[in-house]
Structure formats: structure tokens, C-alpha cells
$ cat run.cif   # mmCIF, C-alpha atoms
data_coords
loop_
_atom_site.label_atom_id
_atom_site.label_comp_id
_atom_site.auth_asym_id
_atom_site.auth_seq_id
_atom_site.Cartn_x
_atom_site.Cartn_y
_atom_site.Cartn_z
CA MET A 28 -137.80 -62.48 207.18
CA SER A 29 -139.91 -63.70 204.27
CA ARG A 30 -138.92 -60.55 202.40
CA LYS A 31 -135.26 -61.34 202.87
CA LEU A 32 -135.86 -64.89 201.68
CA ALA A 33 -137.69 -63.65 198.59
CA GLY A 34 -134.82 -61.29 197.84
CA LEU A 35 -132.35 -64.11 198.20
CA LEU A 36 -134.40 -66.36 195.90
CA LEU A 37 -134.65 -63.58 193.31
CA GLY A 38 -130.92 -63.06 193.49
CA LEU A 39 -130.30 -66.77 192.96
CA LEU A 40 -132.68 -66.77 190.01
CA LEU A 41 -130.78 -63.92 188.41
CA LEU A 42 -127.54 -65.80 188.94
CA ALA A 43 -128.78 -68.93 187.16
CA ALA A 44 -127.54 -68.80 183.58
CA PRO A 45 -129.70 -70.23 180.81
CA ALA A 46 -128.72 -73.82 180.10
CA TRP A 47 -127.03 -73.59 176.71
CA ALA A 48 -125.56 -76.87 175.52
CA ILE A 49 -122.42 -75.00 174.48
CA SER A 50 -121.57 -74.05 178.02
CA ASP A 51 -117.88 -73.83 177.28
CA PRO A 52 -116.91 -70.77 175.24
CA ALA A 53 -113.67 -72.58 174.38
CA GLU A 54 -115.78 -74.80 172.10
CA MET A 55 -116.65 -71.84 169.90
CA LEU A 56 -114.59 -70.88 166.86
CA PRO A 57 -112.70 -67.59 167.20
CA ASN A 58 -114.02 -66.45 163.82
CA PRO A 59 -117.66 -65.35 164.38
CA ALA A 60 -118.68 -66.00 160.75
CA GLN A 61 -117.33 -69.55 160.91
CA GLU A 62 -118.93 -70.08 164.33
CA ALA A 63 -122.30 -68.97 162.92
CA ARG A 64 -121.93 -71.41 160.03
CA ALA A 65 -120.93 -74.23 162.38
CA GLU A 66 -124.01 -73.52 164.51
CA ARG A 67 -126.21 -73.57 161.41
CA VAL A 68 -124.75 -76.91 160.28
CA GLY A 69 -124.92 -78.40 163.76
CA SER A 70 -128.51 -77.31 164.35
CA GLN A 71 -129.54 -79.46 161.36
CA LEU A 72 -127.73 -82.57 162.63
CA ARG A 73 -129.47 -85.00 164.94
CA CYS A 74 -127.84 -86.07 168.18
CA LEU A 75 -128.05 -89.87 167.82
CA VAL A 76 -128.02 -90.42 171.56
CA CYS A 77 -131.12 -88.33 172.35
CA GLN A 78 -132.49 -88.41 168.77
CA ASN A 79 -134.85 -85.45 169.04
CA GLU A 80 -132.25 -82.79 169.71
CA SER A 81 -129.66 -81.31 167.42
CA ILE A 82 -126.01 -81.75 168.26
CA GLU A 83 -125.92 -78.01 169.04
CA ASP A 84 -128.62 -78.43 171.71
CA SER A 85 -127.51 -81.71 173.23
CA ASN A 86 -125.22 -82.28 176.16
CA ALA A 87 -124.44 -85.87 175.21
CA ASP A 88 -120.78 -86.77 174.87
CA LEU A 89 -121.16 -87.85 171.26
CA ALA A 90 -122.91 -84.57 170.39
CA LYS A 91 -120.03 -82.68 171.97
CA ASP A 92 -117.54 -84.66 169.88
CA LEU A 93 -119.51 -84.09 166.68
CA ARG A 94 -119.82 -80.36 167.45
CA ARG A 95 -116.07 -80.19 167.75
CA LEU A 96 -115.50 -82.16 164.55
CA VAL A 97 -117.94 -79.98 162.58
CA ARG A 98 -116.06 -76.90 163.82
CA GLN A 99 -112.71 -78.44 162.88
CA ARG A 100 -113.96 -79.08 159.37
CA ILE A 101 -115.46 -75.61 158.97
CA ALA A 102 -112.24 -74.03 160.23
CA ALA A 103 -110.28 -76.19 157.79
CA GLY A 104 -112.26 -74.70 154.90
CA ASP A 105 -115.18 -77.11 154.39
CA THR A 106 -118.40 -75.65 152.96
CA ASP A 107 -121.59 -76.20 155.00
CA THR A 108 -122.59 -79.00 152.62
CA GLN A 109 -119.20 -80.70 152.88
CA ALA A 110 -119.28 -80.59 156.69
CA THR A 111 -122.83 -82.01 156.73
CA ASP A 112 -121.93 -84.73 154.23
CA TRP A 113 -118.95 -85.73 156.35
CA VAL A 114 -121.27 -86.56 159.24
CA VAL A 115 -123.92 -88.14 156.98
CA ALA A 116 -121.25 -90.45 155.46
CA ARG A 117 -120.75 -91.94 158.93
CA TYR A 118 -124.25 -91.93 160.39
CA GLY A 119 -126.53 -91.94 157.35
CA ASP A 120 -129.45 -89.74 156.33
CA PHE A 121 -131.15 -90.25 159.71
CA VAL A 122 -128.63 -87.85 161.20
CA ARG A 123 -130.20 -85.02 159.18
CA LEU A 124 -133.05 -83.39 161.06
CA ARG A 125 -134.51 -82.40 157.66
CA PRO A 126 -134.81 -85.62 155.64
CA PRO A 127 -133.55 -85.36 152.05
CA VAL A 128 -135.95 -85.84 149.16
CA THR A 129 -135.32 -89.36 147.89
CA TRP A 130 -137.68 -92.02 146.60
CA VAL A 131 -137.85 -93.46 150.13
CA THR A 132 -139.01 -90.14 151.59
CA ALA A 133 -141.17 -89.19 148.59
CA ALA A 134 -144.39 -90.17 150.38
CA LEU A 135 -143.34 -88.13 153.43
CA TRP A 136 -142.58 -84.98 151.45
CA GLY A 137 -145.52 -85.53 149.10
CA SER A 138 -148.11 -86.08 151.83
CA PRO A 139 -149.32 -82.43 152.00
CA VAL A 140 -149.76 -82.35 148.21
CA ILE A 141 -151.54 -85.72 148.29
CA ALA A 142 -153.87 -84.58 151.09
CA ILE A 143 -154.74 -81.25 149.44
CA GLY A 144 -155.17 -82.95 146.05
CA ALA A 145 -157.53 -85.55 147.51
CA ALA A 146 -159.57 -82.83 149.22
CA LEU A 147 -159.84 -80.81 145.97
CA ILE A 148 -160.96 -83.88 144.00
CA ALA A 149 -163.57 -84.67 146.66
CA VAL A 150 -164.91 -81.10 146.59
CA MET A 151 -165.06 -81.07 142.78
CA LEU A 152 -166.89 -84.41 142.65
CA LEU A 153 -169.43 -83.21 145.21
CA ARG A 154 -170.04 -79.89 143.46
CA ARG A 155 -170.36 -81.29 139.94
CA ARG A 156 -173.32 -83.44 140.89
CA PRO A 157 -176.69 -81.61 140.47
CA PRO A 158 -178.73 -81.51 143.65
CA ALA A 159 -181.07 -84.51 143.86
CA GLN A 160 -184.71 -83.96 142.73
CA PRO A 161 -187.15 -84.27 145.58
CA VAL A 162 -189.24 -87.46 145.49
CA PRO A 163 -192.87 -86.72 144.42
CA LEU A 164 -195.39 -86.88 147.21
CA SER A 165 -197.39 -90.04 147.64
CA PRO A 166 -201.22 -89.74 147.35
CA ALA A 167 -201.53 -90.04 151.11
CA GLU A 168 -199.04 -87.20 151.67
CA ARG A 169 -200.82 -85.07 149.06
CA ALA A 170 -204.14 -85.60 150.79
CA ARG A 171 -202.64 -84.65 154.15
CA LEU A 172 -201.07 -81.53 152.62
CA ALA A 173 -204.40 -80.52 151.11
CA GLN A 174 -206.06 -81.03 154.46
CA LEU A 175 -203.44 -78.88 156.22
CA THR A 176 -203.60 -76.06 153.71
CA GLU A 177 -207.43 -75.98 153.53
CA PRO A 178 -208.47 -72.32 153.76
CA GLY A 179 -209.74 -71.25 157.12
CA LEU A 180 -207.98 -74.00 158.99
CA SER A 181 -205.28 -71.75 160.40
CA GLU A 182 -207.84 -69.25 161.64
CA PRO A 183 -209.29 -69.52 165.09
CA PRO A 184 -212.64 -71.31 165.15
CA PRO A 185 -215.56 -68.85 165.11
CA ALA A 186 -216.82 -67.96 168.52
CA ALA A 187 -219.73 -70.10 169.50
CA MET B 22 -174.01 -94.08 146.33
CA ASN B 23 -170.91 -92.16 145.21
CA ARG B 24 -171.32 -89.85 148.16
CA ARG B 25 -171.35 -92.87 150.45
CA LEU B 26 -168.07 -94.03 148.95
CA LEU B 27 -166.56 -90.60 149.54
CA LEU B 28 -167.57 -90.78 153.17
CA LEU B 29 -165.87 -94.16 153.39
CA ALA B 30 -162.54 -92.76 152.10
CA PRO B 31 -161.49 -91.09 155.40
CA LEU B 32 -162.52 -94.25 157.20
CA ALA B 33 -160.27 -96.27 154.92
CA VAL B 34 -157.36 -93.86 155.51
CA ALA B 35 -157.91 -94.07 159.29
CA GLY B 36 -158.07 -97.85 159.04
CA ALA B 37 -154.82 -98.04 157.06
CA SER B 38 -153.06 -95.73 159.55
CA GLY B 39 -154.35 -97.80 162.43
CA PHE B 40 -153.08 -100.98 160.82
CA GLY B 41 -149.68 -99.35 160.25
CA ALA B 42 -149.43 -98.21 163.86
CA TRP B 43 -150.50 -101.64 165.09
CA THR B 44 -147.82 -103.29 162.92
CA ILE B 45 -145.15 -100.98 164.33
CA LEU B 46 -146.21 -101.68 167.92
CA ARG B 47 -146.43 -105.43 167.32
CA ARG B 48 -142.96 -105.56 165.75
CA MET B 49 -141.53 -103.41 168.58
CA LYS B 50 -142.97 -105.90 171.05
CA GLU B 51 -141.50 -108.81 169.09
CA GLY B 52 -138.17 -107.05 168.97
CA THR B 53 -138.02 -107.07 165.18
CA PHE B 54 -138.32 -103.27 164.91
CA ASP B 55 -136.54 -100.60 166.92
CA PRO B 56 -137.49 -97.02 166.05
CA HIS B 57 -134.27 -95.75 167.63
CA ASP B 58 -132.05 -98.01 165.54
CA VAL B 59 -129.74 -96.18 163.17
CA PRO B 60 -128.72 -98.45 160.28
CA SER B 61 -124.96 -98.78 159.78
CA GLN B 62 -123.44 -97.09 156.75
CA LEU B 63 -120.64 -99.66 156.68
CA ILE B 64 -122.61 -102.75 155.60
CA GLY B 65 -120.98 -104.16 152.47
CA LYS B 66 -118.01 -101.83 152.82
CA PRO B 67 -114.49 -102.23 154.16
CA VAL B 68 -113.79 -100.87 157.63
CA PRO B 69 -112.84 -97.19 157.69
CA PRO B 70 -109.06 -96.64 157.63
CA PHE B 71 -107.54 -95.88 161.02
CA ALA B 72 -104.03 -95.97 162.43
CA SER B 73 -103.23 -98.71 164.90
CA LEU B 74 -104.82 -98.09 168.31
CA PRO B 75 -102.79 -98.81 171.43
CA ALA B 76 -103.29 -102.17 173.13
CA LEU B 77 -104.98 -102.34 176.52
CA ASP B 78 -102.21 -104.45 178.05
CA GLN B 79 -98.50 -104.17 177.59
CA GLY B 80 -97.06 -107.11 175.70
CA THR B 81 -100.30 -107.59 173.71
CA GLU B 82 -101.15 -106.17 170.32
CA GLY B 83 -103.48 -103.30 169.55
CA PHE B 84 -104.81 -102.98 166.03
CA GLY B 85 -105.75 -100.63 163.21
CA SER B 86 -107.73 -101.09 160.01
CA ALA B 87 -104.75 -102.76 158.29
CA ALA B 88 -104.70 -105.61 160.83
CA LEU B 89 -108.48 -106.10 160.43
CA GLU B 90 -108.23 -106.28 156.64
CA THR B 91 -105.34 -108.75 156.61
CA ALA B 92 -106.65 -111.05 159.35
CA GLY B 93 -107.89 -113.43 156.66
CA HIS B 94 -110.79 -114.89 158.64
CA PRO B 95 -114.25 -113.69 159.70
CA MET B 96 -114.29 -111.94 163.05
CA LEU B 97 -116.31 -109.72 165.32
CA VAL B 98 -115.28 -106.21 166.32
CA ASN B 99 -116.91 -105.16 169.57
CA PHE B 100 -116.98 -101.61 170.94
CA PHE B 101 -117.41 -101.72 174.71
CA ALA B 102 -116.78 -99.68 177.83
CA SER B 103 -116.49 -100.41 181.53
CA TRP B 104 -119.13 -97.70 182.20
CA CYS B 105 -121.67 -99.34 179.89
CA VAL B 106 -124.47 -101.34 181.51
CA PRO B 107 -125.68 -103.23 178.39
CA CYS B 108 -122.05 -104.39 177.96
CA VAL B 109 -122.52 -106.39 181.16
CA ILE B 110 -125.68 -107.93 179.67
CA GLU B 111 -123.88 -109.13 176.54
CA ALA B 112 -120.72 -110.31 178.34
CA PRO B 113 -121.94 -113.94 178.75
CA THR B 114 -122.93 -114.13 175.07
CA LEU B 115 -119.48 -112.94 174.00
CA MET B 116 -117.92 -115.60 176.25
CA VAL B 117 -120.07 -118.24 174.51
CA LEU B 118 -118.76 -117.00 171.16
CA LYS B 119 -115.21 -117.18 172.45
CA GLN B 120 -115.74 -120.81 173.48
CA GLN B 121 -116.91 -121.50 169.92
CA ASN B 122 -113.57 -120.11 168.68
CA ILE B 123 -115.03 -117.04 167.05
CA PRO B 124 -112.38 -114.33 167.22
CA ILE B 125 -113.59 -111.10 168.81
CA TRP B 126 -111.46 -107.99 168.73
CA GLY B 127 -112.47 -105.42 171.31
CA ILE B 128 -112.23 -101.65 171.21
CA ALA B 129 -112.60 -99.94 174.60
CA TYR B 130 -114.54 -96.76 173.86
CA LYS B 131 -113.86 -93.64 175.96
CA ASP B 132 -112.50 -95.72 178.76
CA LYS B 133 -109.52 -95.61 181.09
CA PRO B 134 -107.17 -98.61 180.74
CA GLU B 135 -107.41 -99.54 184.43
CA ALA B 136 -111.23 -99.38 184.35
CA ALA B 137 -111.35 -101.51 181.18
CA ARG B 138 -108.98 -104.05 182.76
CA ALA B 139 -111.13 -104.25 185.89
CA PHE B 140 -114.24 -104.73 183.74
CA LEU B 141 -112.66 -107.64 181.84
CA ALA B 142 -111.39 -109.20 185.07
CA ARG B 143 -114.90 -109.10 186.51
CA HIS B 144 -117.06 -110.10 183.52
CA GLY B 145 -114.58 -112.25 181.56
CA ASN B 146 -112.34 -111.36 178.65
CA PRO B 147 -113.74 -112.71 175.37
CA TYR B 148 -111.30 -110.75 173.20
CA ALA B 149 -108.38 -111.99 171.12
CA ARG B 150 -107.10 -108.41 171.09
CA VAL B 151 -108.20 -105.29 172.94
CA ALA B 152 -107.38 -101.80 171.65
CA MET B 153 -108.05 -98.47 173.34
CA ASP B 154 -110.04 -95.68 171.70
CA GLU B 155 -109.93 -93.30 174.60
CA PRO B 156 -110.88 -90.14 172.62
CA GLY B 157 -113.65 -92.05 170.78
CA ARG B 158 -112.54 -90.62 167.46
CA VAL B 159 -112.18 -93.95 165.60
CA ALA B 160 -115.66 -94.95 166.79
CA ILE B 161 -117.12 -91.91 165.02
CA ASP B 162 -115.57 -93.03 161.73
CA TRP B 163 -117.32 -96.38 162.24
CA GLY B 164 -120.64 -94.62 162.88
CA VAL B 165 -120.78 -95.85 166.48
CA TYR B 166 -123.45 -93.93 168.44
CA GLY B 167 -123.43 -95.90 171.67
CA VAL B 168 -121.85 -98.90 173.33
CA PRO B 169 -121.94 -101.79 172.88
CA GLU B 170 -121.83 -102.09 169.13
CA THR B 171 -120.72 -105.26 167.36
CA TYR B 172 -119.58 -105.58 163.75
CA LEU B 173 -119.15 -108.82 161.81
CA LEU B 174 -116.33 -108.74 159.25
CA ASP B 175 -115.94 -111.42 156.62
CA GLY B 176 -112.55 -112.90 155.68
CA LYS B 177 -111.85 -109.96 153.36
CA GLY B 178 -112.47 -107.31 156.00
CA ILE B 179 -115.89 -106.31 154.61
CA VAL B 180 -118.56 -105.41 157.20
CA ARG B 181 -121.48 -107.85 156.87
CA TRP B 182 -123.59 -107.15 159.94
CA ARG B 183 -123.84 -104.69 162.81
CA GLN B 184 -125.67 -104.85 166.12
CA ALA B 185 -126.20 -101.60 168.01
CA GLY B 186 -126.91 -102.61 171.58
CA PRO B 187 -126.14 -105.83 173.42
CA VAL B 188 -125.71 -109.13 171.59
CA THR B 189 -128.20 -111.06 173.68
CA ALA B 190 -128.69 -114.82 173.46
CA GLU B 191 -131.71 -114.09 171.23
CA VAL B 192 -129.76 -111.82 168.88
CA LEU B 193 -127.07 -114.49 168.72
CA GLU B 194 -129.55 -117.22 167.73
CA THR B 195 -131.78 -115.27 165.35
CA GLN B 196 -129.29 -112.94 163.66
CA LEU B 197 -125.63 -113.54 164.34
CA LYS B 198 -125.52 -117.33 163.92
CA PRO B 199 -127.11 -117.26 160.43
CA MET B 200 -124.71 -114.43 159.49
CA LEU B 201 -121.72 -116.38 160.83
CA ARG B 202 -122.76 -119.37 158.71
CA SER B 203 -123.02 -117.18 155.62
CA VAL B 204 -119.54 -115.65 155.98
CA ALA B 205 -117.81 -118.88 157.03
#

$ encode --input "run.cif" --output "C-alpha cells"
Amino acid sequence: MSRKLAGLLLGLLLLAAPAWAISDPAEMLPNPAQEARAERVGSQLRCLVCQNESIEDSNADLAKDLRRLVRQRIAAGDTDTQATDWVVARYGDFVRLRPPVTWVTAALWGSPVIAIGAALIAVMLLRRRPPAQPVPLSPAERARLAQLTEPGLSEPPPAA
Amino acid sequence: MNRRLLLLAPLAVAGASGFGAWTILRRMKEGTFDPHDVPSQLIGKPVPPFASLPALDQGTEGFGSAALETAGHPMLVNFFASWCVPCVIEAPTLMVLKQQNIPIWGIAYKDKPEAARAFLARHGNPYARVAMDEPGRVAIDWGVYGVPETYLLDGKGIVRWRQAGPVTAEVLETQLKPMLRSVA
């Protein structure tokens, strides 16, 4: 009985297709090269409804519409940049999953360089400084040291 | 001494980041910052050209970009849908605006005419004109990414302000009213 059930479950599992957002093959362009380009363009465009998915990955209605429009433009002869710019003209730079380098995003793109630069400067400053000279011993410390290093002290006391 | 200062540097960076995060959270709580907000690309520009959309009701007028540009007075353009919950929230505010004689032109986004009609019958019809954008294609040219969205046009058809999300009483008082005064 439980074996039959397991078999049934396994069969159902095999039946379940992976959940691609493009579930409808009719959405795809007949020309595979153009379809590949449309997927590349779409995977760099943010779905504004879910905001952390590309329009290629999202099932939102708006993402579906934008997917179709990107494909229309590619099929009509747009370059990848032209198709991307068409969407950016309507929704702004935020729609790009990879933010462009502008003066607004300079700090964002520059942050790794800034962090590594700051670390290098810190290391150089620390290494350039000579190691600090030890403070001379005070008379009391010197006396104690002499006492501790007196010959014969570390040997066991002579047997009585 | 110098070494001490160096040790303080990461603390200062952490402090600055903490202050930044606190500012973001505080402004989110106040409602003056929304991380999901996508700024409109139309501010300061004329509305995108689009052919006249069909009217919701027979015997009334739909509209296209030409009608918006030649209206000759400031107005609001409101994208709405009967399936949109925040549209119910902003319905009373739009009715207040209607009573103050501020013309609102509505665009029903991805909606069936009978559903849109039922919505307006139930929540009030604040619109001077209602057009249908059933495929949602015109909305994409406007940069609409959800309903409701409300655009303020000045007398020359230039977009001056956009609200993505419901025009609540608070949005009306703090944002829209000052904008309405400035375009009047």
C-alpha cells in the first residue's frame, strides 16, 4: 500500500514541470537568435511589481506585457540597447537591474575601490611606523629582576 | 594616538551607516520615503502621445493625448481599476476633489466596461470623462506600474506631479493641494 502511494507520489513529482515564468511557448519568438536576445534584455529589466525579479522571471501581468513589448521591438529590428532604452524611457533607470554609472550611482559603484583604498592606506600607515621602544625599567623593577635572576635561585635548595 | 584614531575609523563608518539606516526607517514610518516608489519619468514633460481611447459609456467622450493637451486647464488623470483595492481607499478623496470642481479624467486600466461601471456605481464617479485602456498599453507609455496612479497636468498639458498609490486625505493635504495651488 505505502509502496503504491510512494510510486504515485514519485509519478506526480515527475509530472510537475519546473515553474518557468514563460509558461506559454507562444510568447517566444520563432527566431531562436532573437528569442535569446530578448531573454538577455528581459533578464536585465526589473519587474516593477515585484521589484526583485526580472521581467523574464516574473509572472506579474505588467512583466508579461513588457516581455511581449521587448520581443516586438527585437523582432522589429531594435538592437538590445534600443529595446532596453525603450523601457528605461518609460520607467527610468530603476528598471535596470544593473544600475548605470552616473554621478548619482558613483558612490555605489566606487564603494569597493573606496573600501580597498582605505584598507591599503591603513595598512601602510601602520607599517611605516617603527615599533615603539620599550619603556626602561623602573629601579624597583630592576631590583626585582636582579633578585629573580640571582644565580642559584632556580636550583633546588640544598638538602638539609 | 594615531593608532587609536585608526581604530575609531570603523566605528565612525558603522555610526554613519547606522544613522543612515535610522533615517530611512524614520522617514518610512513618517510616510515621506517609500523604497518601492519608482519616480515618474514624465514630470515636466507633456503626456505621451496616444490615440483616443474609447469611452466607458456610450454617449460620453473618451480621450487621447490631444484632448489632454488642448483642455486648457489643470486637471488630474487617474488610472484605476475595479479589481484594485487601493482604488477603493482613494475613492472618497477623489469625490472631495470633484466637489471642489477639480476635473479628473479617469482611465480604467485592464478592466472590463461592465466591471468598471459597477465600481463607479458603488464607490461614486468622480470623473469628468472615463476612457478604457483594456490592454493596458497606453498605461505603459505613461510609466504606470500599478493602480491607482494619479497625474496632475497643468493648463498646458505638462505633467507636474504623480502619485503612485492611493491619493489619501494625507497625500491630498500635504502634496496635492500645494501642487494644485502652484499650477492654478

$ resolve_selection --input "run.cif" --expression "the PyMOL selection byres ((chain B) within 9 of (chain A))" --output "MDAnalysis selection string"
chainID B and resid 24 27 57 59:63 157:158 161:167

$ atom_distance --input "run.cif" --atom1 "atom CA of Tyr172 of chain B" --atom2 "atom CA of Tyr130 of chain B"
14.3 Å

$ closest_residue --input "run.cif" --among "B:Thr44, B:Thr189, B:Ser203, B:Thr81" --to "Pro107 of chain B" --atoms "all atoms listed in the file"
B:Thr189

$ resolve_selection --input "run.cif" --expression "the PyMOL selection byres ((chain B and resi 122) around 12)" --output "number ranges by chain"
B: 94-97, 115-121, 123-125, 147-149, 201

$ write_last_selection --input "run.cif" --atoms "C-alpha atoms" --output "JSON list (two decimals), keeping the file's coordinate frame"
[["chain", "number", "residue", "atom", "x", "y", "z"],
["B", 94, "HIS", "CA", -110.79, -114.89, 158.64],
["B", 95, "PRO", "CA", -114.25, -113.69, 159.70],
["B", 96, "MET", "CA", -114.29, -111.94, 163.05],
["B", 97, "LEU", "CA", -116.31, -109.72, 165.32],
["B", 115, "LEU", "CA", -119.48, -112.94, 174.00],
["B", 116, "MET", "CA", -117.92, -115.60, 176.25],
["B", 117, "VAL", "CA", -120.07, -118.24, 174.51],
["B", 118, "LEU", "CA", -118.76, -117.00, 171.16],
["B", 119, "LYS", "CA", -115.21, -117.18, 172.45],
["B", 120, "GLN", "CA", -115.74, -120.81, 173.48],
["B", 121, "GLN", "CA", -116.91, -121.50, 169.92],
["B", 123, "ILE", "CA", -115.03, -117.04, 167.05],
["B", 124, "PRO", "CA", -112.38, -114.33, 167.22],
["B", 125, "ILE", "CA", -113.59, -111.10, 168.81],
["B", 147, "PRO", "CA", -113.74, -112.71, 175.37],
["B", 148, "TYR", "CA", -111.30, -110.75, 173.20],
["B", 149, "ALA", "CA", -108.38, -111.99, 171.12],
["B", 201, "LEU", "CA", -121.72, -116.38, 160.83]]

$ axis_aligned_box --input "run.cif" --around "segment 29-36 of chain B" --padding-each-side "5 Å" --output "lines of an AutoDock Vina configuration file"
center_x = -161.6
center_y = -94.5
center_z = 155.7
size_x = 18.5
size_y = 16.8
size_z = 17.2

$ atom_distance --input "run.cif" --atom1 "atom CA of Ala152 of chain B" --atom2 "atom CA of Arg95 of chain A"
23.6 Å

$ closest_residue --input "run.cif" --among "B:Arg202, B:His144, B:Arg150, B:Arg25" --to "Val98 of chain B" --atoms "all atoms listed in the file"
B:Arg150

$ resolve_selection --input "run.cif" --expression "the PyMOL selection byres ((chain A and resi 102-109) around 8)" --output "PyMOL selection string"
chain A and resi 56+61+64-65+68+98-101+110-113

$ atom_distance --input "run.cif" --atom1 "atom CA of Asn79 of chain A" --atom2 "atom CA of Leu135 of chain A"
18.0 Å

$ closest_residue --input "run.cif" --among "A:Leu124, A:Leu164, A:Ala146, A:Val140" --to "Ala30 of chain B" --atoms "all atoms listed in the file"
A:Ala146

$ residues_around --input "run.cif" --residues "Thr53 of chain B" --least-positions-apart "2" --cutoff "12 Å" --atoms "only C-alpha atoms" --output "number ranges by chain"
B: 44-51, 55-56, 58, 191-192, 195-196

$ decode --input "run.cif" --residues "segment 83-108 of chain B" --atoms "N, CA and C atoms" --output "CSV table (one decimal), in the first residue's frame"
chain,number,residue,atom,x,y,z
B,83,GLY,N,-14.5,59.6,-24.8
B,83,GLY,CA,-13.2,59.1,-24.3
B,83,GLY,C,-12.2,60.2,-24.6
B,84,PHE,N,-10.9,59.9,-24.5
B,84,PHE,CA,-10.0,60.9,-24.8
B,84,PHE,C,-8.6,60.3,-25.1
B,85,GLY,N,-7.8,61.1,-25.9
B,85,GLY,CA,-6.4,60.7,-26.2
B,85,GLY,C,-5.5,61.9,-25.7
B,86,SER,N,-4.3,61.8,-26.1
B,86,SER,CA,-3.3,62.9,-25.6
B,86,SER,C,-3.7,64.2,-26.2
B,87,ALA,N,-4.3,64.3,-27.4
B,87,ALA,CA,-4.7,65.6,-28.0
B,87,ALA,C,-5.7,66.3,-27.1
B,88,ALA,N,-6.7,65.6,-26.6
B,88,ALA,CA,-7.7,66.2,-25.8
B,88,ALA,C,-7.1,66.7,-24.4
B,89,LEU,N,-6.1,66.0,-23.9
B,89,LEU,CA,-5.5,66.4,-22.6
B,89,LEU,C,-4.7,67.7,-22.8
B,90,GLU,N,-4.0,67.7,-24.0
B,90,GLU,CA,-3.2,68.9,-24.3
B,90,GLU,C,-4.0,70.2,-24.5
B,91,THR,N,-5.2,70.0,-25.1
B,91,THR,CA,-5.9,71.2,-25.5
B,91,THR,C,-7.0,71.5,-24.5
B,92,ALA,N,-7.1,70.8,-23.3
B,92,ALA,CA,-8.1,71.1,-22.4
B,92,ALA,C,-8.0,72.5,-21.9
B,93,GLY,N,-6.8,73.0,-21.7
B,93,GLY,CA,-6.7,74.5,-21.4
B,93,GLY,C,-6.8,74.8,-19.9
B,94,HIS,N,-6.9,73.7,-19.0
B,94,HIS,CA,-7.0,74.0,-17.6
B,94,HIS,C,-6.3,72.8,-16.9
B,95,PRO,N,-5.8,73.1,-15.6
B,95,PRO,CA,-5.2,72.0,-14.9
B,95,PRO,C,-6.2,70.9,-14.7
B,96,MET,N,-5.7,69.7,-14.6
B,96,MET,CA,-6.6,68.5,-14.3
B,96,MET,C,-5.8,67.3,-13.8
B,97,LEU,N,-6.5,66.4,-13.3
B,97,LEU,CA,-5.9,65.2,-12.8
B,97,LEU,C,-6.3,64.0,-13.8
B,98,VAL,N,-5.3,63.2,-14.0
B,98,VAL,CA,-5.6,62.0,-14.8
B,98,VAL,C,-5.4,60.8,-13.8
B,99,ASN,N,-6.4,60.0,-13.7
B,99,ASN,CA,-6.3,58.9,-12.7
B,99,ASN,C,-6.5,57.5,-13.3
B,100,PHE,N,-5.5,56.7,-13.2
B,100,PHE,CA,-5.6,55.3,-13.7
B,100,PHE,C,-6.2,54.5,-12.5
B,101,PHE,N,-7.3,53.8,-12.8
B,101,PHE,CA,-7.9,53.0,-11.8
B,101,PHE,C,-8.4,51.7,-12.4
B,102,ALA,N,-8.9,50.8,-11.5
B,102,ALA,CA,-9.5,49.5,-12.0
B,102,ALA,C,-10.4,49.0,-10.9
B,103,SER,N,-11.5,48.3,-11.4
B,103,SER,CA,-12.5,47.8,-10.4
B,103,SER,C,-11.9,46.7,-9.5
B,104,TRP,N,-10.8,46.1,-10.0
B,104,TRP,CA,-10.1,45.0,-9.2
B,104,TRP,C,-9.1,45.5,-8.3
B,105,CYS,N,-9.0,46.8,-8.1
B,105,CYS,CA,-7.9,47.4,-7.4
B,105,CYS,C,-8.4,47.9,-6.0
B,106,VAL,N,-7.8,47.3,-5.0
B,106,VAL,CA,-8.3,47.6,-3.6
B,106,VAL,C,-7.9,49.0,-3.2
B,107,PRO,N,-6.6,49.5,-3.4
B,107,PRO,CA,-6.3,50.9,-3.0
B,107,PRO,C,-7.2,51.9,-3.7
B,108,CYS,N,-7.8,51.5,-4.9
B,108,CYS,CA,-8.7,52.5,-5.6
B,108,CYS,C,-9.9,52.7,-4.7
